[in-house]
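Below: the structure, in structure tokens.
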Amino acid sequence: MTKGGMESVEVFTTEGKGRGLKAQKEFLPGDVIFAEPAYAAVVFDSLTHVICHTCFKRQERLHRCAQCKFAYYCDRTCQRAAWLNHKNECSAIKRHGKAPTENIRLAARILWKMEREGSGLSEGCLVSIEELQNHVESFGEDEKKELRADVESFLEFWPPHCQQFGMQLISHIFGVISCNGFTLSDQRGLQAVGVGIFPNLCQANHDCWPNCTVVFNNGNHEAVRSMFHTQMRIELRALNKISPGDELTVSYVDFLSLSEERRKQLKKQYYFDCTCEHCKKQLKDDLMLAVKAGESKPSADTVKEVIQFSKDTLEKINKARMEGQYHEVVKLCRDCLKKQEPVLGDTNIYLLRILSIASEVLSYLQMFEEAADYAKRMVDGYLKIYHPNNAQLGMAVMRAGVTHWHAGLIEAGHGLICKAYAILLITHGPSHPITKDLEVMRVQTEMELRMFQQNEFMYYKMREAALKNQKIQVMPEPSNENAPSLFHKKE
């Protein structure tokens, strides 16, 4: 079953898992299996005035729609590209007096598209919106209450002159958004900024150790000639060699959790029991719970006590980060590491979580040498746990490389930046803004490394002079959010 640019994949039905996607030909790591534009997408309520409503890029200055005064765009190009999807929304917002929530806006965009194109298969889609899973029958009482409130708000917002849809279909659309809404990120891939529906992507089943990854590409409207513009889309990319007939899988959750925790999260958010090999055999759980090796192995009680202390500290850290008290975060991390180091192994997830926060916050505070030490230990642990081509691993290695570079540790910095570049070429591709940024850093650090190898004394003299004349680049403020997860699910 193939359609419009989807010739390389096939929908099939699997025992116990429902529909899935299968490769129709061979793919190598980094290959784009398919790219899919959003069926419909909206910016989150909290970011509507700082994110472009067409390409979802974060911009300093945005142009506001003069009609509804709600939608914002990079420029006229993005505004023109949005008009087909914004036209009905624009007049509905004016009529309603204000914009509704992101869920209502997304449901309305889906139904306006169905009104325009009819139900059934859209061009390039393997399945129709009506065929997507909604899991409404699995909703708990709170979710059902939220669904009823959304339907009521939708009916108030939906204009009387538009096609009137049945309650069952409207409820189905909200169920689809709840279970299949895909998280859209800004151009740096660091912050979740919106939610979209991608029917083909929804067919890919979960595996904790997948053979594919999904990257959001904001597209490019900056080219002078519109024929070179590219639209916003998701790309399904191969992480390993994939043979014809292999199932294509993606991970709905971050791998850096114990199998039991991942299974709980998947059951709660996506209503299924994960039966992947890593969960069934609890692979890598021993690494994630590792304790210090050696003659004097810590007692079970000591390990339990340190893990509880780590959990309590992580809660305190979250509170301090929310309040912007970064020196307090550093103190909490140092105290926690002092307790963890004699007891926990170097791949223990509680140790790795503290190392990650400490390195990020210390970099922001420009305490680069201490940050680099923690970042190196974090990366060493991650490399033993993550899939070698994992996007989150690539981002962590990049961050560690930049930290080492800022600390003046040019050899280690360049090595880490090259390693991150190799991973992100596969997970994000050469034209993604993050990969392009990394390529610039790779060239710069290579040049500095050559200078360092030729004359170490002169390198440090020049570096000192450069830092005096030029304010050192400040690292981005640490975010209290985790990296955007694959599917958007309201907690």
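Each chain in the structure tokens gets a letter, A, B and so on, in the order shown; residues start at 1 in every chain, and ligands are counted from 1 in the order they appear.
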
> Hey, what does DSSP flag as helix (DSSP H, G or I) within range 20-152 of chain A? Can you give it to me as a PyMOL selection string?
Replying inline: chain A and resi 45-47+76-96+102-117+129-131+136-138+141-152

> Excluding same-chain residues fewer than 2 positions from range 250-264 of chain A, what lies within 8 Å of it counting only C-alpha atoms, as a list in words?
Replying inline: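 Returned residues: Ala204, Asn205, His206, Asp207, Cys208, Trp209, Pro210, Asn211, Cys212, Thr213, Val214, Leu248, Leu266, Lys267, Lys268, Asp273, Cys274, His278, Cys279, Gln282, Leu283, Asp285, Met288, Ile349, Ile385, Tyr386, Ser485, Leu486 and Phe487 of chain A.
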
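Of the residues under consideration (A:Thr302, A:Leu425, A:Val397, A:Met114), A:Thr302 shows the shortest atom-to-atom contact distance to Pro342 in chain A when counting only C-alpha atoms.
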
> Excluding same-chain residues fewer than 5 positions from Leu62 in chain A, what lies within 10 Å of it counting only C-alpha atoms, as a ChimeraX atom specification?
Replying inline: /A:49-53,71-75

Write out, as a PDB file, in the first residue's frame, the residues just selected, with all heavy atoms.
ATOM      1  N   HIS A  49       3.147  34.109  20.292  1.00  0.00           N
ATOM      2  CA  HIS A  49       3.656  35.407  19.808  1.00  0.00           C
ATOM      3  C   HIS A  49       5.168  35.403  19.567  1.00  0.00           C
ATOM      4  O   HIS A  49       5.724  36.390  19.120  1.00  0.00           O
ATOM      5  CB  HIS A  49       3.288  36.518  20.810  1.00  0.00           C
ATOM      6  CG  HIS A  49       3.811  36.264  22.190  1.00  0.00           C
ATOM      7  ND1 HIS A  49       3.396  35.188  22.945  1.00  0.00           N
ATOM      8  CD2 HIS A  49       4.737  36.912  22.940  1.00  0.00           C
ATOM      9  CE1 HIS A  49       4.039  35.201  24.102  1.00  0.00           C
ATOM     10  NE2 HIS A  49       4.857  36.230  24.126  1.00  0.00           N
ATOM     11  N   VAL A  50       5.856  34.258  19.881  1.00  0.00           N
ATOM     12  CA  VAL A  50       7.322  34.244  19.676  1.00  0.00           C
ATOM     13  C   VAL A  50       7.768  33.183  18.664  1.00  0.00           C
ATOM     14  O   VAL A  50       8.937  33.079  18.325  1.00  0.00           O
ATOM     15  CB  VAL A  50       8.095  34.023  21.012  1.00  0.00           C
ATOM     16  CG1 VAL A  50       7.955  35.225  21.915  1.00  0.00           C
ATOM     17  CG2 VAL A  50       7.664  32.744  21.714  1.00  0.00           C
ATOM     18  N   ILE A  51       6.808  32.385  18.171  1.00  0.00           N
ATOM     19  CA  ILE A  51       7.112  31.312  17.216  1.00  0.00           C
ATOM     20  C   ILE A  51       6.306  31.557  15.946  1.00  0.00           C
ATOM     21  O   ILE A  51       5.111  31.871  16.015  1.00  0.00           O
ATOM     22  CB  ILE A  51       6.728  29.925  17.816  1.00  0.00           C
ATOM     23  CG1 ILE A  51       7.504  29.653  19.100  1.00  0.00           C
ATOM     24  CG2 ILE A  51       6.919  28.795  16.806  1.00  0.00           C
ATOM     25  CD1 ILE A  51       8.991  29.430  18.949  1.00  0.00           C
ATOM     26  N   CYS A  52       6.943  31.397  14.780  1.00  0.00           N
ATOM     27  CA  CYS A  52       6.235  31.555  13.511  1.00  0.00           C
ATOM     28  C   CYS A  52       5.194  30.444  13.367  1.00  0.00           C
ATOM     29  O   CYS A  52       5.501  29.264  13.559  1.00  0.00           O
ATOM     30  CB  CYS A  52       7.223  31.491  12.346  1.00  0.00           C
ATOM     31  SG  CYS A  52       6.426  31.451  10.729  1.00  0.00           S
ATOM     32  N   HIS A  53       3.959  30.797  13.006  1.00  0.00           N
ATOM     33  CA  HIS A  53       2.866  29.825  12.909  1.00  0.00           C
ATOM     34  C   HIS A  53       2.937  28.995  11.624  1.00  0.00           C
ATOM     35  O   HIS A  53       2.121  28.096  11.437  1.00  0.00           O
ATOM     36  CB  HIS A  53       1.508  30.538  12.984  1.00  0.00           C
ATOM     37  CG  HIS A  53       1.199  31.079  14.347  1.00  0.00           C
ATOM     38  ND1 HIS A  53      -0.054  31.053  14.907  1.00  0.00           N
ATOM     39  CD2 HIS A  53       1.995  31.666  15.290  1.00  0.00           C
ATOM     40  CE1 HIS A  53      -0.021  31.608  16.107  1.00  0.00           C
ATOM     41  NE2 HIS A  53       1.220  31.991  16.358  1.00  0.00           N
ATOM     42  N   ALA A  71      -2.220  35.334  14.967  1.00  0.00           N
ATOM     43  CA  ALA A  71      -1.158  34.548  14.313  1.00  0.00           C
ATOM     44  C   ALA A  71       0.049  35.436  14.018  1.00  0.00           C
ATOM     45  O   ALA A  71      -0.094  36.614  13.692  1.00  0.00           O
ATOM     46  CB  ALA A  71      -1.695  33.938  13.029  1.00  0.00           C
ATOM     47  N   TYR A  72       1.248  34.841  14.129  1.00  0.00           N
ATOM     48  CA  TYR A  72       2.506  35.558  13.867  1.00  0.00           C
ATOM     49  C   TYR A  72       3.330  34.793  12.844  1.00  0.00           C
ATOM     50  O   TYR A  72       3.325  33.556  12.834  1.00  0.00           O
ATOM     51  CB  TYR A  72       3.315  35.693  15.165  1.00  0.00           C
ATOM     52  CG  TYR A  72       2.777  36.731  16.126  1.00  0.00           C
ATOM     53  CD1 TYR A  72       1.706  36.436  16.965  1.00  0.00           C
ATOM     54  CD2 TYR A  72       3.329  38.003  16.195  1.00  0.00           C
ATOM     55  CE1 TYR A  72       1.202  37.380  17.851  1.00  0.00           C
ATOM     56  CE2 TYR A  72       2.843  38.959  17.084  1.00  0.00           C
ATOM     57  CZ  TYR A  72       1.780  38.645  17.903  1.00  0.00           C
ATOM     58  OH  TYR A  72       1.291  39.597  18.770  1.00  0.00           O
ATOM     59  N   TYR A  73       4.060  35.556  12.002  1.00  0.00           N
ATOM     60  CA  TYR A  73       4.847  34.932  10.936  1.00  0.00           C
ATOM     61  C   TYR A  73       6.215  35.594  10.804  1.00  0.00           C
ATOM     62  O   TYR A  73       6.385  36.765  11.132  1.00  0.00           O
ATOM     63  CB  TYR A  73       4.106  35.049   9.593  1.00  0.00           C
ATOM     64  CG  TYR A  73       2.725  34.451   9.649  1.00  0.00           C
ATOM     65  CD1 TYR A  73       1.593  35.263   9.797  1.00  0.00           C
ATOM     66  CD2 TYR A  73       2.549  33.070   9.605  1.00  0.00           C
ATOM     67  CE1 TYR A  73       0.325  34.709   9.885  1.00  0.00           C
ATOM     68  CE2 TYR A  73       1.281  32.511   9.695  1.00  0.00           C
ATOM     69  CZ  TYR A  73       0.171  33.337   9.832  1.00  0.00           C
ATOM     70  OH  TYR A  73      -1.076  32.783   9.927  1.00  0.00           O
ATOM     71  N   CYS A  74       7.180  34.807  10.276  1.00  0.00           N
ATOM     72  CA  CYS A  74       8.536  35.336  10.039  1.00  0.00           C
ATOM     73  C   CYS A  74       8.468  36.532   9.096  1.00  0.00           C
ATOM     74  O   CYS A  74       9.103  37.557   9.306  1.00  0.00           O
ATOM     75  CB  CYS A  74       9.413  34.286   9.344  1.00  0.00           C
ATOM     76  SG  CYS A  74       9.716  32.818  10.299  1.00  0.00           S
ATOM     77  N   ASP A  75       7.714  36.355   8.009  1.00  0.00           N
ATOM     78  CA  ASP A  75       7.672  37.364   6.939  1.00  0.00           C
ATOM     79  C   ASP A  75       6.474  37.073   6.044  1.00  0.00           C
ATOM     80  O   ASP A  75       5.670  36.187   6.323  1.00  0.00           O
ATOM     81  CB  ASP A  75       8.986  37.313   6.123  1.00  0.00           C
ATOM     82  CG  ASP A  75       9.328  35.896   5.669  1.00  0.00           C
ATOM     83  OD1 ASP A  75       8.391  35.087   5.494  1.00  0.00           O
ATOM     84  OD2 ASP A  75      10.524  35.585   5.504  1.00  0.00           O
TER      85      ASP A  75
END

> So which one's closest to Leu184 in chain A, A:Trp83, A:Phe56, A:Leu239, A:Gln67? Using only C-alpha atoms, please.
Replying inline: A:Phe56

> Any idea what's packed within 12 Å of Gln444 in chain A, counting only C-alpha atoms, ignoring anything in its chain fewer than 3 positions away? Could you give it as a ChimeraX atom specification?
Replying inline: /A:402,405,410,413-414,417-418,437-441,447-451

> Which residue out of A:Thr347, A:Thr54, A:Ser91, A:Thr313 has the minimum interatomic distance to Gln79 in chain A when only C-alpha atoms are used?
Replying inline: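 Ranked by minimum distance to Gln79 in chain A, first place goes to A:Thr54.
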
> Can you tell me, as an MDAnalysis selection string, what residues are no more than 12 Å from Asn88 in chain A when counting only C-alpha atoms, ignoring any on the same chain fewer than 6 positions away?
Replying inline: chainID A and resid 67:68 82 94:95 105 108:113 115:116 157:159 161:163

>> Please report the interatomic distance between CA of Thr445 in chain A and CA of Leu424 in chain A in Å with one decimal.
In response: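 So the two atoms, CA of Thr445 in chain A and CA of Leu424 in chain A, lie 17.4 Å apart.
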
> So how many Å separate CA of Phe198 in chain A and CA of Cys90 in chain A, to one decimal?
Replying inline: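 Value for the CA of Phe198 in chain A-CA of Cys90 in chain A distance: 22.9 Å.
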
> Expressed in Å to a single decimal, how great is the separation between CA of Ala412 in chain A and CA of Gly189 in chain A?
Replying inline: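 Interatomic distance here is 24.7 Å.
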
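Shortest separation to Phe452 in chain A among A:Gly140, A:Gly408, A:Gly175, A:Gly381 occurs at residue A:Gly408, atoms counted being only C-alpha atoms.
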
Given only C-alpha atoms, how would the per-residue table for range 51-159 of chain A near range 28-37 of chain A read, listing every residue at most 12 Å away with its closest atom pair and distance in Å to one decimal, sorted by chain and number, as a Markdown table?
| residue | atom | partner | partner_atom | distance |
| --- | --- | --- | --- | --- |
| A:Thr54 | CA | A:Pro37 | CA | 11.6 |
| A:Cys55 | CA | A:Pro37 | CA | 11.0 |
| A:Ser122 | CA | A:Pro37 | CA | 11.6 |
| A:Glu123 | CA | A:Pro37 | CA | 10.7 |
| A:Gly124 | CA | A:Glu36 | CA | 8.0 |
| A:Cys125 | CA | A:Glu36 | CA | 8.7 |
| A:Leu126 | CA | A:Glu36 | CA | 11.0 |

>> At a cut-off of 9 Å, using only C-alpha atoms, what residues contact Leu352 in chain A? Leave out same-chain residues fewer than 2 positions from it and give the result as a PyMOL selection string.
In response: chain A and resi 346-350+354-357+377-379+381-382

>> For Pro298 in chain A, find every residue with an atom within 12 Å (counting only C-alpha atoms), except residues of its own chain fewer than 3 positions away, and show them as a ChimeraX atom specification.
In response: /A:290-295,301-306,340-345

> A:Ile104, A:Ala66, A:Cys276, A:Val329: which is nearest Asp45 in chain A, counting only C-alpha atoms?
Replying inline: A:Ile104

>> I need the residues in range 101-297 of chain A that are strand (DSSP E or B) according to DSSP; give them as a PyMOL selection string.
In response: chain A and resi 182-185+192-197+205-206+212-217+220+230+233-238+242+247-250+291
